[in-house]
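Chemist: Got a structure for you, input35.cif, holding mmCIF, C-alpha atoms.
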data_coords
#
loop_
_atom_site.label_atom_id
_atom_site.label_comp_id
_atom_site.auth_asym_id
_atom_site.auth_seq_id
_atom_site.Cartn_x
_atom_site.Cartn_y
_atom_site.Cartn_z
CA MET A 1 5.92 12.93 -6.38
CA LYS A 2 8.47 10.73 -8.06
CA LEU A 3 8.50 7.34 -6.40
CA THR A 4 12.30 7.37 -6.10
CA THR A 5 12.34 10.46 -3.85
CA ALA A 6 10.95 8.86 -0.73
CA PHE A 7 12.54 5.49 -1.44
CA LYS A 8 16.00 7.02 -1.85
CA SER A 9 15.53 9.06 1.30
CA LEU A 10 15.26 5.79 3.16
CA THR A 11 18.24 4.37 1.32
CA ALA A 12 20.28 7.48 2.15
CA LEU A 13 19.75 6.76 5.79
CA GLY A 14 21.18 3.31 5.25
CA MET A 15 17.67 1.84 5.27
CA ALA A 16 17.60 2.15 9.06
CA ILE A 17 15.52 -0.94 9.39
CA LEU A 18 14.92 -2.33 12.83
CA VAL A 19 14.58 -6.08 13.40
CA VAL A 20 11.65 -6.65 15.73
CA ALA A 21 12.94 -7.67 19.15
CA ALA A 22 11.52 -10.69 20.90
CA ALA A 23 8.59 -9.14 22.66
CA GLY A 24 6.95 -11.88 24.70
CA CYS A 25 3.38 -11.40 25.80
CA THR A 26 2.61 -7.79 26.70
CA LYS A 27 -0.01 -7.07 29.33
CA TYR A 28 -2.38 -4.23 28.57
CA SER A 29 -4.36 -2.25 31.12
CA LYS A 30 -8.10 -2.67 30.69
CA THR A 31 -8.79 0.33 32.94
CA PRO A 32 -9.78 3.38 30.88
CA GLN A 33 -7.84 6.55 31.52
CA ALA A 34 -9.80 9.64 30.53
CA GLY A 35 -7.98 11.78 27.98
CA SER A 36 -5.24 9.23 27.46
CA ALA A 37 -3.65 8.01 24.24
CA THR A 38 -5.56 4.71 24.48
CA ASN A 39 -8.97 5.94 25.55
CA GLY A 40 -11.42 7.94 23.45
CA ILE A 41 -12.49 8.53 19.87
CA THR A 42 -10.43 9.80 16.94
CA LYS A 43 -11.17 10.25 13.24
CA LEU A 44 -8.86 9.16 10.42
CA ALA A 45 -8.97 9.85 6.67
CA CYS A 46 -7.19 7.14 4.69
CA ASP A 47 -6.47 6.82 0.99
CA VAL A 48 -8.89 4.07 -0.08
CA THR A 49 -6.01 2.22 -1.76
CA PHE A 50 -4.71 1.39 1.71
CA GLU A 51 -8.05 0.47 3.27
CA ASN A 52 -7.12 -3.15 3.97
CA ILE A 53 -3.80 -2.12 5.55
CA MET A 54 -5.25 0.54 7.83
CA GLN A 55 -8.37 -1.44 8.74
CA GLN A 56 -6.09 -4.18 10.06
CA GLU A 57 -4.16 -1.61 12.11
CA ILE A 58 -7.40 -0.17 13.52
CA GLU A 59 -8.89 -3.53 14.46
CA VAL A 60 -5.77 -4.73 16.26
CA PHE A 61 -5.31 -1.37 18.03
CA GLU A 62 -8.91 -1.46 19.24
CA TYR A 63 -8.54 -5.11 20.26
CA ILE A 64 -5.48 -4.31 22.38
CA TYR A 65 -6.96 -1.06 23.72
CA PRO A 66 -10.72 -1.70 24.00
CA HIS A 67 -11.46 1.84 25.22
CA ALA A 68 -10.04 3.40 22.05
CA ASP A 69 -12.19 3.96 18.96
CA VAL A 70 -10.73 4.94 15.57
CA LEU A 71 -13.34 6.07 13.05
CA PRO A 72 -11.95 5.67 9.50
CA TYR A 73 -13.07 7.44 6.35
CA TYR A 74 -11.74 5.81 3.17
CA LEU A 75 -11.50 8.51 0.51
CA ASP A 76 -9.50 9.61 -2.50
CA GLU A 77 -6.18 11.20 -1.56
CA LYS A 78 -7.21 14.81 -2.18
CA SER A 79 -10.26 14.41 0.04
CA CYS A 80 -8.07 12.92 2.78
CA ILE A 81 -5.77 15.96 2.81
CA ASP A 82 -8.70 18.39 2.55
CA SER A 83 -10.36 16.70 5.51
CA LEU A 84 -7.20 17.11 7.57
CA LEU A 85 -6.82 20.77 6.61
CA GLU A 86 -10.47 21.44 7.40
CA GLN A 87 -9.96 19.67 10.76
CA LYS A 88 -12.74 17.18 10.06
CA VAL A 89 -10.28 14.42 10.98
CA ASN A 90 -7.29 14.21 13.29
CA SER A 91 -5.03 12.13 11.04
CA ALA A 92 -4.55 11.10 7.41
CA VAL A 93 -2.81 8.34 5.45
CA THR A 94 -1.65 9.37 1.97
CA THR A 95 1.05 8.81 -0.64
CA ARG A 96 2.60 12.25 -0.18
CA PRO A 97 3.70 14.46 2.71
CA LEU A 98 2.01 17.77 3.37
CA ASN A 99 3.57 20.61 1.42
CA GLU A 100 4.89 23.77 3.04
CA ALA A 101 1.72 25.77 2.32
CA GLU A 102 -0.43 23.11 3.97
CA LYS A 103 1.84 22.95 7.01
CA LYS A 104 1.83 26.74 7.27
CA TYR A 105 -1.95 26.78 7.16
CA LEU A 106 -2.22 24.20 9.94
CA LYS A 107 0.32 26.13 11.99
CA SER A 108 -1.87 29.22 11.63
CA LYS A 109 -4.65 27.13 13.21
CA LYS A 110 -2.28 26.32 16.10
CA LYS A 111 -1.81 22.75 14.92
CA THR A 112 1.50 20.88 15.15
CA VAL A 113 2.12 18.45 12.30
CA TYR A 114 3.57 15.00 13.04
CA GLU A 115 4.44 13.16 9.85
CA ARG A 116 6.28 9.97 8.98
CA ILE A 117 6.74 7.43 6.20
CA ILE A 118 5.11 4.27 7.51
CA ALA A 119 5.73 1.96 4.54
CA ILE A 120 6.84 1.52 0.94
CA ASP A 121 4.07 0.21 -1.30
CA ALA A 122 4.47 -1.59 -4.62
CA ILE A 123 2.06 -1.21 -7.53
CA ALA A 124 1.39 -4.69 -8.88
CA LEU A 125 0.29 -5.62 -12.39
CA VAL A 126 -1.99 -8.65 -12.51
CA VAL A 127 -3.56 -10.76 -15.26
CA ASN A 128 -5.83 -13.77 -15.56
CA ASN A 129 -4.19 -17.14 -14.98
CA ASP A 130 -5.06 -18.15 -18.53
CA ASN A 131 -3.08 -15.26 -19.98
CA PRO A 132 0.35 -16.62 -21.10
CA ILE A 133 2.22 -13.37 -20.33
CA ASP A 134 4.34 -13.46 -17.19
CA ARG A 135 6.47 -10.30 -17.48
CA ILE A 136 6.34 -6.77 -18.84
CA ASP A 137 8.74 -3.86 -19.33
CA LEU A 138 7.89 -0.26 -18.53
CA LYS A 139 7.89 0.84 -22.17
CA ASP A 140 5.22 -1.69 -23.11
CA LEU A 141 3.28 -0.80 -19.95
CA ASN A 142 3.41 2.88 -20.88
CA ASP A 143 2.27 2.10 -24.43
CA ILE A 144 -0.65 0.04 -23.08
CA LEU A 145 -1.74 2.78 -20.69
CA THR A 146 -1.59 5.49 -23.36
CA GLY A 147 -3.42 3.33 -25.91
CA LYS A 148 -0.54 2.79 -28.32
CA LEU A 149 -0.84 -0.94 -27.70
CA GLN A 150 -4.49 -2.03 -27.64
CA THR A 151 -4.47 -5.73 -28.54
CA TRP A 152 -2.64 -8.65 -26.96
CA ASP A 153 -1.27 -9.93 -30.30
CA GLN A 154 0.88 -6.77 -30.37
CA MET A 155 2.61 -8.12 -27.25
CA GLY A 156 3.84 -11.31 -28.88
CA PRO A 157 2.93 -14.59 -30.58
CA GLY A 158 0.41 -16.92 -29.01
CA MET A 159 -1.75 -14.11 -27.63
CA LYS A 160 -3.99 -13.37 -30.61
CA ASP A 161 -7.04 -15.10 -29.12
CA LEU A 162 -7.07 -12.74 -26.11
CA GLY A 163 -8.29 -9.81 -28.21
CA SER A 164 -8.19 -6.29 -26.85
CA ILE A 165 -6.17 -5.21 -23.80
CA ASP A 166 -8.50 -3.90 -21.10
CA VAL A 167 -6.67 -2.04 -18.33
CA VAL A 168 -8.59 -1.88 -15.04
CA PHE A 169 -7.91 0.52 -12.16
CA ASP A 170 -9.80 1.01 -8.93
CA ASP A 171 -11.15 4.57 -9.33
CA GLU A 172 -10.39 7.42 -11.72
CA SER A 173 -9.46 9.73 -8.81
CA SER A 174 -7.35 7.23 -6.90
CA SER A 175 -3.71 7.71 -5.95
CA THR A 176 -2.84 4.60 -8.00
CA VAL A 177 -4.14 6.32 -11.13
CA SER A 178 -2.22 9.49 -10.23
CA PHE A 179 0.95 7.53 -9.62
CA MET A 180 0.90 5.80 -12.99
CA ARG A 181 -0.02 8.98 -14.86
CA ASP A 182 2.54 11.22 -13.14
CA SER A 183 5.48 8.87 -12.48
CA LEU A 184 5.31 6.58 -15.50
CA MET A 185 3.36 8.42 -18.20
CA ASN A 186 4.68 11.95 -17.53
CA GLY A 187 1.16 13.36 -17.46
CA VAL A 188 0.02 11.92 -20.80
CA ALA A 189 -3.68 11.00 -20.90
CA PHE A 190 -4.83 7.40 -20.59
CA GLY A 191 -5.99 5.56 -23.67
CA SER A 192 -9.58 4.54 -24.42
CA ASN A 193 -8.77 0.99 -23.25
CA VAL A 194 -8.39 2.07 -19.58
CA TYR A 195 -11.36 1.61 -17.24
CA ALA A 196 -12.20 2.39 -13.61
CA GLN A 197 -13.88 -0.47 -11.76
CA GLY A 198 -14.88 1.47 -8.66
CA SER A 199 -12.87 -0.42 -6.05
CA ASN A 200 -9.78 -2.56 -5.56
CA GLU A 201 -11.94 -5.63 -4.96
CA ALA A 202 -13.68 -5.01 -8.30
CA VAL A 203 -10.30 -4.86 -10.09
CA TYR A 204 -9.34 -8.19 -8.57
CA GLU A 205 -12.64 -9.80 -9.59
CA ALA A 206 -12.46 -8.36 -13.12
CA VAL A 207 -9.03 -9.90 -13.69
CA LYS A 208 -10.21 -13.26 -12.33
CA LYS A 209 -13.07 -13.31 -14.84
CA LYS A 210 -11.59 -11.66 -17.95
CA LYS A 211 -8.69 -13.24 -19.85
CA ASN A 212 -7.94 -9.99 -21.67
CA ALA A 213 -7.75 -7.75 -18.56
CA ILE A 214 -4.65 -6.37 -16.88
CA GLY A 215 -5.24 -4.93 -13.42
CA VAL A 216 -3.32 -2.31 -11.47
CA LEU A 217 -3.39 -2.82 -7.70
CA GLY A 218 -1.44 -2.09 -4.54
CA VAL A 219 0.38 -5.30 -3.64
CA SER A 220 -1.31 -5.58 -0.22
CA TRP A 221 -4.53 -6.60 -2.00
CA LEU A 222 -2.76 -9.70 -3.32
CA SER A 223 -0.95 -11.09 -0.30
CA ALA A 224 -1.56 -14.48 1.29
CA ASP A 225 0.63 -16.88 3.23
CA LEU A 226 2.43 -19.63 1.32
CA ASP A 227 -0.60 -21.91 1.68
CA GLY A 228 -2.85 -19.33 0.07
CA LYS A 229 -4.74 -18.78 3.32
CA PRO A 230 -6.65 -15.52 3.91
CA ALA A 231 -5.81 -12.98 6.61
CA SER A 232 -5.75 -14.18 10.22
CA SER A 233 -8.33 -13.28 12.86
CA ILE A 234 -7.85 -10.08 14.85
CA GLU A 235 -6.70 -12.07 17.88
CA GLU A 236 -4.13 -13.95 15.79
CA LEU A 237 -2.92 -10.71 14.22
CA ALA A 238 -2.55 -9.09 17.64
CA LYS A 239 -0.42 -12.03 18.79
CA ALA A 240 1.60 -11.97 15.55
CA SER A 241 2.35 -8.27 16.05
CA GLU A 242 4.13 -9.16 19.31
CA ARG A 243 6.29 -11.95 17.94
CA SER A 244 9.81 -11.49 16.64
CA ASP A 245 9.39 -13.95 13.74
CA THR A 246 8.24 -12.99 10.26
CA THR A 247 5.36 -14.60 8.43
CA VAL A 248 6.38 -15.58 4.90
CA LEU A 249 3.97 -14.33 2.28
CA ASP A 250 3.24 -15.12 -1.33
CA PHE A 251 0.46 -13.97 -3.67
CA LYS A 252 -3.07 -15.28 -3.89
CA PRO A 253 -3.13 -18.09 -6.45
CA ASP A 254 -6.28 -17.21 -8.41
CA ILE A 255 -4.66 -14.46 -10.50
CA LYS A 256 -1.15 -13.98 -11.90
CA VAL A 257 1.24 -11.27 -10.70
CA LEU A 258 3.56 -10.08 -13.47
CA LYS A 259 7.30 -9.56 -13.23
CA VAL A 260 8.32 -6.01 -14.16
CA GLN A 261 11.64 -5.03 -15.73
CA GLN A 262 14.02 -2.84 -13.78
CA PRO A 263 14.92 -0.04 -16.25
CA GLY A 264 18.44 -0.27 -17.65
CA THR A 265 18.80 -3.96 -16.79
CA PRO A 266 17.68 -7.25 -18.34
CA MET A 267 16.16 -8.33 -15.03
CA TYR A 268 12.46 -8.68 -14.21
CA TRP A 269 11.13 -8.77 -10.65
CA LYS A 270 7.88 -9.50 -8.84
CA PRO A 271 6.80 -7.19 -5.99
CA TYR A 272 8.00 -9.40 -3.16
CA GLN A 273 9.01 -7.62 0.04
CA GLN A 274 12.67 -8.51 -0.41
CA TYR A 275 12.74 -6.94 -3.88
CA ILE A 276 10.87 -3.88 -2.62
CA TYR A 277 13.50 -3.56 0.13
CA GLU A 278 16.36 -3.88 -2.37
CA GLY A 279 14.72 -1.42 -4.79
CA LYS A 280 14.72 -3.98 -7.60
CA TYR A 281 10.99 -3.81 -8.23
CA PRO A 282 10.49 -0.50 -10.08
CA LEU A 283 6.92 0.58 -9.27
CA LEU A 284 7.31 1.84 -5.70
CA ARG A 285 5.81 4.66 -3.67
CA ALA A 286 5.89 5.82 -0.06
CA ILE A 287 2.92 5.77 2.32
CA TYR A 288 2.77 8.62 4.82
CA MET A 289 0.83 9.02 8.04
CA VAL A 290 0.12 12.54 9.32
CA THR A 291 -1.53 13.66 12.53
CA THR A 292 -2.18 17.09 13.98
CA SER A 293 -3.01 15.80 17.47
CA VAL A 294 -0.61 16.20 20.38
CA PRO A 295 0.84 13.35 22.46
CA GLY A 296 -1.56 12.01 25.06
CA THR A 297 -4.57 12.05 22.72
CA PRO A 298 -6.23 9.03 21.03
CA ALA A 299 -5.15 10.26 17.58
CA HIS A 300 -1.52 10.46 18.62
CA GLY A 301 -1.83 7.14 20.41
CA PHE A 302 -2.90 5.48 17.17
CA TYR A 303 -0.18 7.33 15.24
CA SER A 304 2.39 6.01 17.74
CA PHE A 305 0.99 2.49 17.40
CA VAL A 306 1.17 2.46 13.58
CA THR A 307 4.69 3.92 13.54
CA GLY A 308 5.86 1.70 16.40
CA VAL A 309 7.05 -1.90 16.48
CA GLN A 310 3.65 -3.60 16.62
CA GLY A 311 2.02 -1.45 13.94
CA GLN A 312 5.02 -1.91 11.66
CA LYS A 313 4.89 -5.68 12.12
CA LEU A 314 1.24 -5.62 11.05
CA ILE A 315 2.23 -3.73 7.89
CA LEU A 316 4.85 -6.41 7.21
CA LEU A 317 2.05 -9.00 7.32
CA THR A 318 0.20 -7.24 4.46
CA GLY A 319 2.99 -7.84 1.92
CA ILE A 320 4.31 -4.28 1.63
CA LEU A 321 7.52 -3.00 3.23
CA PRO A 322 7.21 -1.26 6.61
CA SER A 323 9.68 1.51 7.33
CA GLN A 324 10.99 -0.04 10.54
CA VAL A 325 10.87 -3.82 10.16
CA HIS A 326 13.39 -5.88 8.20
CA PRO A 327 11.79 -8.48 5.91
CA ARG A 328 12.94 -12.08 6.06
CA LYS A 329 14.74 -13.18 2.94
CA VAL A 330 13.18 -16.28 1.45
CA GLN A 331 13.79 -18.37 -1.65
CA LEU A 332 11.51 -17.16 -4.42
CA LEU A 333 10.61 -18.91 -7.64
#
Kindly present the structure from the file in structure tokens form.
Modeler:
Amino acid sequence: MKLTTAFKSLTALGMAILVVAAAGCTKYSKTPQAGSATNGITKLACDVTFENIMQQEIEVFEYIYPHADVLPYYLDEKSCIDSLLEQKVNSAVTTRPLNEAEKKYLKSKKKTVYERIIAIDAIALVVNNDNPIDRIDLKDLNDILTGKLQTWDQMGPGMKDLGSIDVVFDDESSSTVSFMRDSLMNGVAFGSNVYAQGSNEAVYEAVKKKKNAIGVLGVSWLSADLDGKPASSIEELAKASERSDTTVLDFKPDIKVLKVQQPGTPMYWKPYQQYIYEGKYPLLRAIYMVTTSVPGTPAHGFYSFVTGVQGQKLILLTGILPSQVHPRKVQLL
């Protein structure tokens, strides 16, 4: 799908963003209730691009509700949807909603579909810290991905020593690859300078080591607090999900995140939450969560958690934009 479709649907609703209310310390029942939304096992298929986001949700949910157990399967997007249709899992996290044929099929199996946008993700472009480039426009990005531009000296003076441009993605079947091919490249094939590394972590490590590499990653893989600290413990995250304040995030310092030009303007933007919220950063896509389980089941309990205030606050802490939590505006360099 075009990235603007889901994003504009939120804008059309006035970006009905809810500021998290002061929650205080919530008390949770430790007594298991058989067949309840917080007791039992459920299976989830999640697009591997969002593994770090959903793993954080799962760990905090299980910490708060110790009698609940969410079993995740991190797969390519097609496999996630197939698993849901084949009823191998109860829920799925993807970059697209189910289409009418898929919903009709599930209805024929007496399944009710619950579906919601849980966040807006940004696709970040990253390079080695020793690469002098700090911004890129979509035309040059398209030419790099299709192989029209294959050496860094074609990008400007002072870059001759970097040699060839190696583009690194996570996996050839990932939703990130599909997004760039369908939304930016209009279905044109990738050039011979584009490589799959096998995982998001491998993309990150490749860019750290190779001066000539440019990586394509979901922005949640790059987030840290302003001191460059890693993610908090599960207990700290659970407490943070209850608070009404907002943790201020920046990017990890060991690679460089590029500014990307907003088409039709002279302005370039980094994928900070504020610029995602304002629609200034151009490489955006929606994240959907779908479940076929009815209320009162563990699957629906987890769905309600992720789409509720606490789950949305956890998404805010990953650096992407949750659908129901307003980001704090901070001064950015």
Chemist: Give as a list of chain:residue names the residues that the PyMOL selection byres ((chain A and resi 103) around 12) matches when applied to the coordinates above.
Modeler: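 After applying the PyMOL selection byres ((chain A and resi 103) around 12), what remains is A:Ile81, A:Leu84, A:Leu85, A:Pro97, A:Leu98, A:Asn99, A:Glu100, A:Ala101, A:Glu102, A:Lys104, A:Tyr105, A:Leu106, A:Lys107, A:Ser108, A:Lys109, A:Lys110, A:Lys111, A:Thr112, A:Val113, A:Tyr114, A:Glu115, A:Val290, A:Thr291, A:Thr292.
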Chemist: Selection from above, C-alpha atoms, as a PDB file, in the coordinates of the input, can you write it?
Modeler:
ATOM      1  CA  ILE A  81      -5.770  15.960   2.810  1.00  0.00           C
ATOM      2  CA  LEU A  84      -7.200  17.110   7.570  1.00  0.00           C
ATOM      3  CA  LEU A  85      -6.820  20.770   6.610  1.00  0.00           C
ATOM      4  CA  PRO A  97       3.700  14.460   2.710  1.00  0.00           C
ATOM      5  CA  LEU A  98       2.010  17.770   3.370  1.00  0.00           C
ATOM      6  CA  ASN A  99       3.570  20.610   1.420  1.00  0.00           C
ATOM      7  CA  GLU A 100       4.890  23.770   3.040  1.00  0.00           C
ATOM      8  CA  ALA A 101       1.720  25.770   2.320  1.00  0.00           C
ATOM      9  CA  GLU A 102      -0.430  23.110   3.970  1.00  0.00           C
ATOM     10  CA  LYS A 104       1.830  26.740   7.270  1.00  0.00           C
ATOM     11  CA  TYR A 105      -1.950  26.780   7.160  1.00  0.00           C
ATOM     12  CA  LEU A 106      -2.220  24.200   9.940  1.00  0.00           C
ATOM     13  CA  LYS A 107       0.320  26.130  11.990  1.00  0.00           C
ATOM     14  CA  SER A 108      -1.870  29.220  11.630  1.00  0.00           C
ATOM     15  CA  LYS A 109      -4.650  27.130  13.210  1.00  0.00           C
ATOM     16  CA  LYS A 110      -2.280  26.320  16.100  1.00  0.00           C
ATOM     17  CA  LYS A 111      -1.810  22.750  14.920  1.00  0.00           C
ATOM     18  CA  THR A 112       1.500  20.880  15.150  1.00  0.00           C
ATOM     19  CA  VAL A 113       2.120  18.450  12.300  1.00  0.00           C
ATOM     20  CA  TYR A 114       3.570  15.000  13.040  1.00  0.00           C
ATOM     21  CA  GLU A 115       4.440  13.160   9.850  1.00  0.00           C
ATOM     22  CA  VAL A 290       0.120  12.540   9.320  1.00  0.00           C
ATOM     23  CA  THR A 291      -1.530  13.660  12.530  1.00  0.00           C
ATOM     24  CA  THR A 292      -2.180  17.090  13.980  1.00  0.00           C
TER      25      THR A 292
END
Chemist: Residues picked by the PyMOL selection byres ((chain A and resi 284) around 12) here, as a ChimeraX atom specification?
Modeler: /A:1-8,95,119-124,176,179-180,183-184,217-219,260,262,270-273,275-283,285-287,320-321
Chemist: Which residues of stretch 72-149 of chain A sit at most 12 Å from stretch 53-66 of chain A, using all atoms listed in the file? Give each one's shortest atom pair and distance in Å (one decimal place), in chain and ascending residue order, as a Markdown table.
Modeler:
| residue | atom | partner | partner_atom | distance |
| --- | --- | --- | --- | --- |
| A:Pro72 | CA | A:Gln55 | CA | 8.0 |
| A:Tyr73 | CA | A:Gln55 | CA | 10.3 |
| A:Tyr74 | CA | A:Met54 | CA | 9.6 |
| A:Ala92 | CA | A:Met54 | CA | 10.6 |
| A:Val93 | CA | A:Met54 | CA | 8.5 |
| A:Thr94 | CA | A:Met54 | CA | 11.2 |
| A:Ile118 | CA | A:Met54 | CA | 11.0 |
| A:Ala119 | CA | A:Ile53 | CA | 10.4 |
| A:Asp121 | CA | A:Ile53 | CA | 10.7 |
Chemist: Keeping only C-alpha atoms, write those residues as a PDB file, in the frame of the given file.
Modeler:
ATOM      1  CA  PRO A  72     -11.950   5.670   9.500  1.00  0.00           C
ATOM      2  CA  TYR A  73     -13.070   7.440   6.350  1.00  0.00           C
ATOM      3  CA  TYR A  74     -11.740   5.810   3.170  1.00  0.00           C
ATOM      4  CA  ALA A  92      -4.550  11.100   7.410  1.00  0.00           C
ATOM      5  CA  VAL A  93      -2.810   8.340   5.450  1.00  0.00           C
ATOM      6  CA  THR A  94      -1.650   9.370   1.970  1.00  0.00           C
ATOM      7  CA  ILE A 118       5.110   4.270   7.510  1.00  0.00           C
ATOM      8  CA  ALA A 119       5.730   1.960   4.540  1.00  0.00           C
ATOM      9  CA  ASP A 121       4.070   0.210  -1.300  1.00  0.00           C
TER      10      ASP A 121
END
Chemist: Which residues come within 10 Å of stretch 148-158 of chain A, counting only C-alpha atoms, excluding same-chain residues fewer than 3 positions away, as an MDAnalysis selection string?
Modeler: chainID A and resid 131:133 136 140:145 161:167 190:194 212:213
Chemist: Could you jot down the atom CA of A:Lys313 to atom CA of A:Arg96 separation for me, Å, one decimal place?
Modeler: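 One can read the atom CA of A:Lys313 to atom CA of A:Arg96 distance as 21.9 Å.
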Chemist: I'd like the interatomic distance between atom CA of A:Thr318 and atom CA of A:Trp221, to a tenth of an Å.
Modeler: 8.0 Å
Chemist: Could you tell me how far atom CA of A:Ala299 lies from atom CA of A:Leu71, in Å and to one decimal?
Modeler: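 Interatomic distance here is 10.3 Å.
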Chemist: Tell me, as a JSON list (two decimals) with C-alpha atoms, in the coordinates of the input, which residues lie within 10 Å of A:Ala206, counting all atoms listed in the file; anything in the same chain fewer than 3 positions away does not count.
Modeler:
[["chain", "number", "residue", "atom", "x", "y", "z"],
["A", 127, "VAL", "CA", -3.56, -10.76, -15.26],
["A", 128, "ASN", "CA", -5.83, -13.77, -15.56],
["A", 166, "ASP", "CA", -8.50, -3.90, -21.10],
["A", 168, "VAL", "CA", -8.59, -1.88, -15.04],
["A", 197, "GLN", "CA", -13.88, -0.47, -11.76],
["A", 200, "ASN", "CA", -9.78, -2.56, -5.56],
["A", 201, "GLU", "CA", -11.94, -5.63, -4.96],
["A", 202, "ALA", "CA", -13.68, -5.01, -8.30],
["A", 203, "VAL", "CA", -10.30, -4.86, -10.09],
["A", 209, "LYS", "CA", -13.07, -13.31, -14.84],
["A", 210, "LYS", "CA", -11.59, -11.66, -17.95],
["A", 211, "LYS", "CA", -8.69, -13.24, -19.85],
["A", 212, "ASN", "CA", -7.94, -9.99, -21.67],
["A", 213, "ALA", "CA", -7.75, -7.75, -18.56],
["A", 214, "ILE", "CA", -4.65, -6.37, -16.88],
["A", 215, "GLY", "CA", -5.24, -4.93, -13.42]]
Chemist: Which of these residues is nearest to A:Thr307, using only C-alpha atoms: A:Cys80, A:Leu222, A:Ile117, A:Leu258?
Modeler: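 Using only C-alpha atoms, A:Thr307 sits closest to A:Ile117.
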Chemist: Between A:Ser91, A:Asn129, A:Gln274, A:Gln261, single out the one closest to A:Ser304, counting only C-alpha atoms.
Modeler: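 When distances to A:Ser304 are compared using only C-alpha atoms, the smallest one comes from A:Ser91.
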